[in-house]
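Single-structure report; data block below.
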Amino acid sequence: MVMAGLWAMWKDPKSGNEIQSCTILTTHSNDVMGDLHNRMPVILAEKDWARWLGEEPATNNELLAMLKPCHDSDLKIWPVDKRVGNVRNKGPELALAV
C-alpha cells in the first residue's frame, strides 16, 4: 500500500535550522472506511506510483485526479485487540483478528 504524501525542506525562522517535514494526504472515505471514519489516506494505485513520484511526467490535473478514495475492494478490515490503540504495545500479534 502506497499513500500519497508531500515533503518540504524549510528554515525555521526563529532558529535558522533546516527542517524536513512531511504529510500524508487524505480524502473522503470510501464505503469500507466510512464505517470507521469520514476521511482516509489517499492510497495510490500501483500504475500511478511513478507519476506521483515524478519519475514519469504528469499534469497537475492528472495528479489531482489521484486524490480520491481507493476502491473498496482494495481494503480488508477486521476487528483487532484494543491494545492496538496504545503506542506502548508492539508486535505482529496485534494485527490478528479477534
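Every chain in the C-alpha cells takes a letter, A first, then B, and so on in the order presented; its residues are numbered from 1, and the ligands are numbered from 1 following the presented order.
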Stretch 10-23 of chain A environment, 12 Å, only C-alpha atoms, sequence neighbours closer than 5 positions dropped, as a compact mmCIF listing (two decimals) with N, CA, C and O atoms, in the first residue's frame:
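Saved file result_11.txt follows:
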```txt
# COMPACT_ATOMS: atom_id res chain seq x y z
N MET A 3 0.78 5.38 0.11
CA MET A 3 -0.06 6.55 0.37
C MET A 3 0.57 7.79 -0.24
O MET A 3 1.80 7.95 -0.21
N ALA A 4 -0.27 8.67 -0.76
CA ALA A 4 0.21 9.93 -1.33
C ALA A 4 0.67 10.84 -0.21
O ALA A 4 -0.03 11.03 0.78
N GLY A 5 1.84 11.40 -0.38
CA GLY A 5 2.37 12.31 0.61
C GLY A 5 3.12 13.45 -0.03
O GLY A 5 3.38 13.45 -1.24
N PRO A 41 -6.49 8.03 4.18
CA PRO A 41 -5.33 8.40 3.36
C PRO A 41 -5.62 8.17 1.89
O PRO A 41 -6.40 7.28 1.53
N VAL A 42 -4.99 8.96 1.04
CA VAL A 42 -5.05 8.70 -0.40
C VAL A 42 -4.12 7.52 -0.66
O VAL A 42 -2.91 7.62 -0.44
```
Report as an mmCIF file with C-alpha atoms, in the first residue's frame: the residues of chain A with a DSSP assignment of strand (DSSP E or B), based on the backbone of this structure.
```
data_model
loop_
_atom_site.group_PDB
_atom_site.id
_atom_site.type_symbol
_atom_site.label_atom_id
_atom_site.label_comp_id
_atom_site.auth_asym_id
_atom_site.auth_seq_id
_atom_site.Cartn_x
_atom_site.Cartn_y
_atom_site.Cartn_z
ATOM 1 C CA VAL A 2 1.425 3.352 -1.030
ATOM 2 C CA MET A 3 -0.060 6.546 0.366
ATOM 3 C CA GLY A 5 2.375 12.310 0.614
ATOM 4 C CA LEU A 6 4.233 15.578 0.339
ATOM 5 C CA TRP A 7 7.505 16.678 1.854
ATOM 6 C CA ALA A 8 9.268 20.009 2.195
ATOM 7 C CA MET A 9 12.557 21.375 3.426
ATOM 8 C CA TRP A 10 12.407 24.804 5.058
ATOM 9 C CA LYS A 11 14.242 27.027 7.523
ATOM 10 C CA GLU A 18 16.808 23.459 8.315
ATOM 11 C CA ILE A 19 13.658 21.385 8.880
ATOM 12 C CA GLN A 20 12.410 18.433 6.845
ATOM 13 C CA SER A 21 8.700 17.817 7.182
ATOM 14 C CA CYS A 22 6.165 15.551 5.555
ATOM 15 C CA THR A 23 2.460 14.829 5.471
ATOM 16 C CA ILE A 24 0.119 12.103 4.252
ATOM 17 C CA THR A 26 -6.257 12.447 2.950
ATOM 18 C CA THR A 27 -9.578 12.360 1.129
ATOM 19 C CA HIS A 28 -13.156 11.497 1.995
ATOM 20 C CA ARG A 39 -11.577 10.566 5.971
ATOM 21 C CA MET A 40 -8.852 8.205 4.808
ATOM 22 C CA PRO A 41 -5.333 8.403 3.363
ATOM 23 C CA ILE A 43 -3.902 5.200 -1.375
ATOM 24 C CA LEU A 44 -2.289 5.252 -4.796
#
```
Could you give me, as a PyMOL selection string, each residue of chain A that DSSP assigns to helix (DSSP H, G or I) when run on this structure's backbone?
chain A and resi 31-34+46-52+60-65+72-74+82-85+92-95
Which residue is closest to A:Gly34? Choose from A:Ala95, A:Val84, A:Leu75, A:Leu67 and count only C-alpha atoms.
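Of all the options, A:Leu75 lies closest to A:Gly34.
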Do you know which residues are at most 12 Å from A:Asp31 counting only C-alpha atoms, after dropping those on the same chain fewer than 2 positions away, and could you put them as a PyMOL selection string?
chain A and resi 28-29+33-40+69-77
Could the residues in this selection be saved with C-alpha atoms as a compact mmCIF listing (two decimals), in the first residue's frame?
```
# COMPACT_ATOMS: atom_id res chain seq x y z
CA HIS A 28 -13.16 11.50 2.00
CA SER A 29 -13.66 7.85 2.94
CA MET A 33 -13.57 3.10 5.65
CA GLY A 34 -16.77 5.10 6.12
CA ASP A 35 -17.81 2.78 8.94
CA LEU A 36 -14.68 3.84 10.85
CA HIS A 37 -14.02 7.46 9.86
CA ASN A 38 -15.11 10.13 7.40
CA ARG A 39 -11.58 10.57 5.97
CA MET A 40 -8.85 8.20 4.81
CA PRO A 69 -10.52 7.16 -2.23
CA CYS A 70 -9.22 3.79 -3.39
CA HIS A 71 -11.65 1.09 -4.49
CA ASP A 72 -13.49 -0.65 -1.66
CA SER A 73 -12.09 -3.99 -2.85
CA ASP A 74 -8.52 -2.74 -2.21
CA LEU A 75 -9.09 -2.80 1.57
CA LYS A 76 -9.79 -5.52 4.09
CA ILE A 77 -10.91 -4.60 7.58
```
What is the atom CA of A:Val98 to atom CA of A:Met1 distance in Å?
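So the two atoms, atom CA of A:Val98 and atom CA of A:Met1, lie 23.1 Å apart.
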Near A:Glu62, within 10 Å and counting only C-alpha atoms, which residues show up once chain neighbours fewer than 5 positions away are dropped, as a list in words?
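Near neighbours after the sequence-gap exclusion: Asp48, Arg51, Trp52, Pro57 and Leu67 of chain A.
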Figure out the distance between atom CA of A:Val32 and atom CA of A:Asn89, please, to one decimal in Å.
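Atom CA of A:Val32 lies 25.9 Å from atom CA of A:Asn89.
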Calculate how many Å separate atom CA of A:Asn30 from atom CA of A:Gly85, rounding to one decimal.
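Answer for the atom CA of A:Asn30 to atom CA of A:Gly85 separation: 22.4 Å.
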Counting only C-alpha atoms, the option among A:Leu64, A:Leu25, A:Ala50, A:Leu96 closest to A:Asp81:
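Of A:Leu64, A:Leu25, A:Ala50, A:Leu96, the one nearest A:Asp81 is A:Leu96, counting only C-alpha atoms.
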